[in-house]
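Enquirer: Pasting coords.txt below, which is compact mmCIF, C-alpha atoms.
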# COMPACT_ATOMS: atom_id res chain seq x y z
CA MET Y 1 12.17 -0.78 -15.24
CA ALA Y 2 10.36 2.53 -15.60
CA VAL Y 3 8.11 4.46 -13.25
CA LEU Y 4 4.87 4.93 -15.17
CA GLY Y 5 3.05 7.13 -12.70
CA ALA Y 6 2.40 7.93 -9.07
CA ILE Y 7 -0.60 8.72 -6.93
CA ALA Y 8 -1.18 9.57 -3.28
CA VAL Y 9 -4.45 9.04 -1.49
CA PRO Y 10 -5.75 9.33 2.07
CA HIS Y 11 -6.84 6.04 3.55
CA PRO Y 12 -9.61 6.49 6.11
CA PRO Y 13 -11.01 3.12 7.26
CA LEU Y 14 -14.45 4.73 6.98
CA ILE Y 15 -14.18 4.34 3.19
CA MET Y 16 -14.96 0.63 3.57
CA PRO Y 17 -18.74 0.03 3.78
CA GLU Y 18 -18.19 -2.69 6.40
CA VAL Y 19 -16.53 -0.09 8.62
CA GLY Y 20 -18.52 2.99 7.61
CA ASN Y 21 -21.93 1.34 7.96
CA GLY Y 22 -23.45 4.09 5.82
CA ARG Y 23 -21.21 6.87 7.14
CA GLU Y 24 -18.87 6.46 4.15
CA LYS Y 25 -21.33 8.66 2.24
CA ILE Y 26 -19.86 11.69 4.04
CA ILE Y 27 -16.54 11.08 2.28
CA GLU Y 28 -17.98 10.48 -1.19
CA LYS Y 29 -15.41 12.85 -2.75
CA THR Y 30 -12.63 10.69 -1.33
CA ILE Y 31 -14.30 7.56 -2.70
CA GLU Y 32 -14.63 9.17 -6.13
CA SER Y 33 -10.95 10.15 -5.99
CA TYR Y 34 -10.09 6.50 -5.36
CA ARG Y 35 -12.11 5.49 -8.42
CA LYS Y 36 -10.22 8.01 -10.54
CA ALA Y 37 -6.88 6.95 -9.11
CA MET Y 38 -7.58 3.28 -9.79
CA ALA Y 39 -8.73 4.06 -13.34
CA PHE Y 40 -5.44 5.91 -13.86
CA VAL Y 41 -3.37 3.02 -12.50
CA SER Y 42 -5.33 0.53 -14.57
CA SER Y 43 -4.82 2.59 -17.74
CA LEU Y 44 -1.05 2.30 -17.28
CA LYS Y 45 -1.24 -1.53 -17.26
CA PRO Y 46 1.66 -1.86 -14.81
CA ASP Y 47 3.41 -5.14 -14.11
CA THR Y 48 3.75 -4.19 -10.46
CA VAL Y 49 2.28 -1.54 -8.17
CA ILE Y 50 4.47 -0.30 -5.32
CA ILE Y 51 2.56 0.76 -2.23
CA THR Y 52 4.11 2.89 0.49
CA SER Y 53 2.48 3.48 3.84
CA PRO Y 54 3.13 5.62 6.89
CA HIS Y 55 1.98 2.59 8.90
CA ALA Y 56 4.63 0.20 7.57
CA LYS Y 57 7.50 -0.80 9.81
CA GLY Y 58 10.27 1.71 9.40
CA TRP Y 59 13.57 2.89 10.77
CA ARG Y 60 15.12 6.33 10.83
CA ASP Y 61 18.47 5.27 9.44
CA CYS Y 62 17.52 3.02 6.55
CA PHE Y 63 15.04 2.27 3.79
CA SER Y 64 12.74 -0.62 4.72
CA ILE Y 65 11.19 -3.00 2.19
CA SER Y 66 8.62 -5.66 3.03
CA SER Y 67 9.84 -9.06 2.00
CA GLY Y 68 8.33 -12.48 1.73
CA SER Y 69 5.77 -13.60 -0.77
CA HIS Y 70 2.48 -12.34 0.65
CA ALA Y 71 0.89 -9.84 3.03
CA TYR Y 72 -2.43 -10.17 4.82
CA GLY Y 73 -4.49 -8.07 7.16
CA ASP Y 74 -8.00 -7.42 8.34
CA PHE Y 75 -10.07 -4.61 9.80
CA SER Y 76 -10.49 -6.06 13.30
CA ASP Y 77 -9.25 -2.79 14.79
CA PHE Y 78 -12.25 -1.11 13.17
CA ARG Y 79 -14.89 -3.64 14.26
CA ALA Y 80 -14.93 -5.40 10.87
CA PRO Y 81 -12.85 -8.58 11.27
CA GLN Y 82 -14.69 -10.15 8.35
CA LEU Y 83 -13.11 -7.60 6.02
CA GLU Y 84 -9.78 -9.07 4.94
CA ILE Y 85 -7.18 -7.92 2.45
CA GLY Y 86 -4.08 -9.52 1.05
CA CYS Y 87 -1.56 -9.12 -1.74
CA ASP Y 88 1.33 -10.96 -3.28
CA TYR Y 89 4.77 -9.38 -3.16
CA ASP Y 90 7.12 -9.13 -6.11
CA GLU Y 91 10.09 -10.68 -4.31
CA GLU Y 92 12.45 -10.19 -7.24
CA LEU Y 93 11.64 -6.47 -7.44
CA ALA Y 94 12.05 -6.02 -3.67
CA GLN Y 95 15.51 -7.61 -3.81
CA SER Y 96 16.43 -5.56 -6.89
CA ILE Y 97 15.47 -2.31 -5.14
CA ALA Y 98 17.50 -3.30 -2.07
CA ASP Y 99 20.50 -4.14 -4.28
CA GLU Y 100 20.28 -0.79 -6.10
CA LEU Y 101 20.09 1.10 -2.80
CA LYS Y 102 23.15 -0.77 -1.56
CA LYS Y 103 25.09 0.34 -4.69
CA ASP Y 104 24.32 3.94 -3.71
CA GLU Y 105 25.48 3.17 -0.15
CA THR Y 106 21.94 3.62 1.14
CA ARG Y 107 21.08 1.22 3.94
CA ALA Y 108 18.12 -1.00 3.16
CA ILE Y 109 16.43 -3.71 5.19
CA LEU Y 110 14.24 -6.43 3.75
CA TYR Y 111 11.96 -7.43 6.61
Could you rewrite the structure in this file as structure tokens?

Expert:
Amino acid sequence: MAVLGAIAVPHPPLIMPEVGNGREKIIEKTIESYRKAMAFVSSLKPDTVIITSPHAKGWRDCFSISSGSHAYGDFSDFRAPQLEIGCDYDEELAQSIADELKKDETRAILY
């Protein structure tokens, strides 16, 4: 397994037209950066994309990895409950990462 690339992007809810209601135009440079980032990721043709988030459940003393088969959320907190998002998890990869961390005596939690 090789790391093919990495990107970091801001994630303002305003970027979604259903949330921005026209105001997303004020962050057009951010939107264009997303387009470039996604073109880059797509060009790599990865088997799996790993997403990290400062909003994910976390602990100070261990590495946390979302487990299960699927994640789902919506934008209800931003007055757009009709806007839903979901993804499938690579359960085998999550377990493999946890196993590798354990070999290095790094605490990991699959939650």

Enquirer: What lies within 12 Å of Y:Pro12 using all atoms listed in the file, ignoring chain neighbours under 4 positions off, as a list of chain:residue names?

Expert: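 Within the cut-off, the hits are Y:Met16, Y:Pro17, Y:Val19, Y:Gly20, Y:Arg23, Y:Glu24, Y:Ile26, Y:Ile27, Y:Glu28, Y:Thr30, Y:Ile31, Y:Tyr34, Y:Phe75, Y:Phe78.
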
Enquirer: Create the file for the chosen residues now, containing C-alpha atoms and written as a tab-separated table (two decimals), in the coordinates of the input.

Expert:
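That gives us again03.tsv:
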chain	number	residue	atom	x	y	z
Y	16	MET	CA	-14.96	0.63	3.57
Y	17	PRO	CA	-18.74	0.03	3.78
Y	19	VAL	CA	-16.53	-0.09	8.62
Y	20	GLY	CA	-18.52	2.99	7.61
Y	23	ARG	CA	-21.21	6.87	7.14
Y	24	GLU	CA	-18.87	6.46	4.15
Y	26	ILE	CA	-19.86	11.69	4.04
Y	27	ILE	CA	-16.54	11.08	2.28
Y	28	GLU	CA	-17.98	10.48	-1.19
Y	30	THR	CA	-12.63	10.69	-1.33
Y	31	ILE	CA	-14.30	7.56	-2.70
Y	34	TYR	CA	-10.09	6.50	-5.36
Y	75	PHE	CA	-10.07	-4.61	9.80
Y	78	PHE	CA	-12.25	-1.11	13.17

Enquirer: Counting only C-alpha atoms, what is within 9 Å of Y:Ala71, bar same-chain residues fewer than 6 positions away, as an MDAnalysis selection string?

Expert: chainID Y and resid 85:89

Enquirer: May I ask which of the residues Y:Glu18, Y:Leu110, Y:Ala98, Y:Lys29 is the closest one to Y:Ser76, counting only C-alpha atoms?

Expert: Y:Glu18

Enquirer: Expressed in Å to a single decimal, how great is the separation between atom CA of Y:Ile97 and atom CA of Y:Val49?

Expert: 13.6 Å

Enquirer: With all atoms listed in the file as the basis for distance, which of Y:Ala108, Y:Leu101, Y:Ala37, Y:Ala8 is at the shortest distance from Y:Trp59?

Expert: Y:Ala108

Enquirer: Smallest atom-to-atom distance to Y:Arg35: which of Y:Ile65, Y:Val9, Y:Ala56, Y:Ala2, using all atoms listed in the file?

Expert: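 Between Y:Ile65, Y:Val9, Y:Ala56, Y:Ala2, the residue approaching Y:Arg35 most closely is Y:Val9.
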
Enquirer: Just want the 9 Å neighbourhood of stretch 38-46 of chain Y, counted on only C-alpha atoms, with same-chain residues fewer than 2 positions away dropped. Output as a count of residues only.

Expert: 10

Enquirer: With distances taken over only C-alpha atoms, which of Y:Val3, Y:Asp77, Y:Asn21, Y:Gln95 is nearest to Y:Ile50?

Expert: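 Closest residue, counting only C-alpha atoms: Y:Val3.
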
Enquirer: Mind giving me the straight-line distance from atom CA of Y:Ser67 to atom CA of Y:Leu83 in Å, one decimal?

Expert: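 These atoms are spaced 23.3 Å apart.
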
Enquirer: Rounded to one decimal in Å, what is the spacing between atom CA of Y:Arg60 and atom CA of Y:Glu91?

Expert: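 Value for the atom CA of Y:Arg60-atom CA of Y:Glu91 distance: 23.3 Å.
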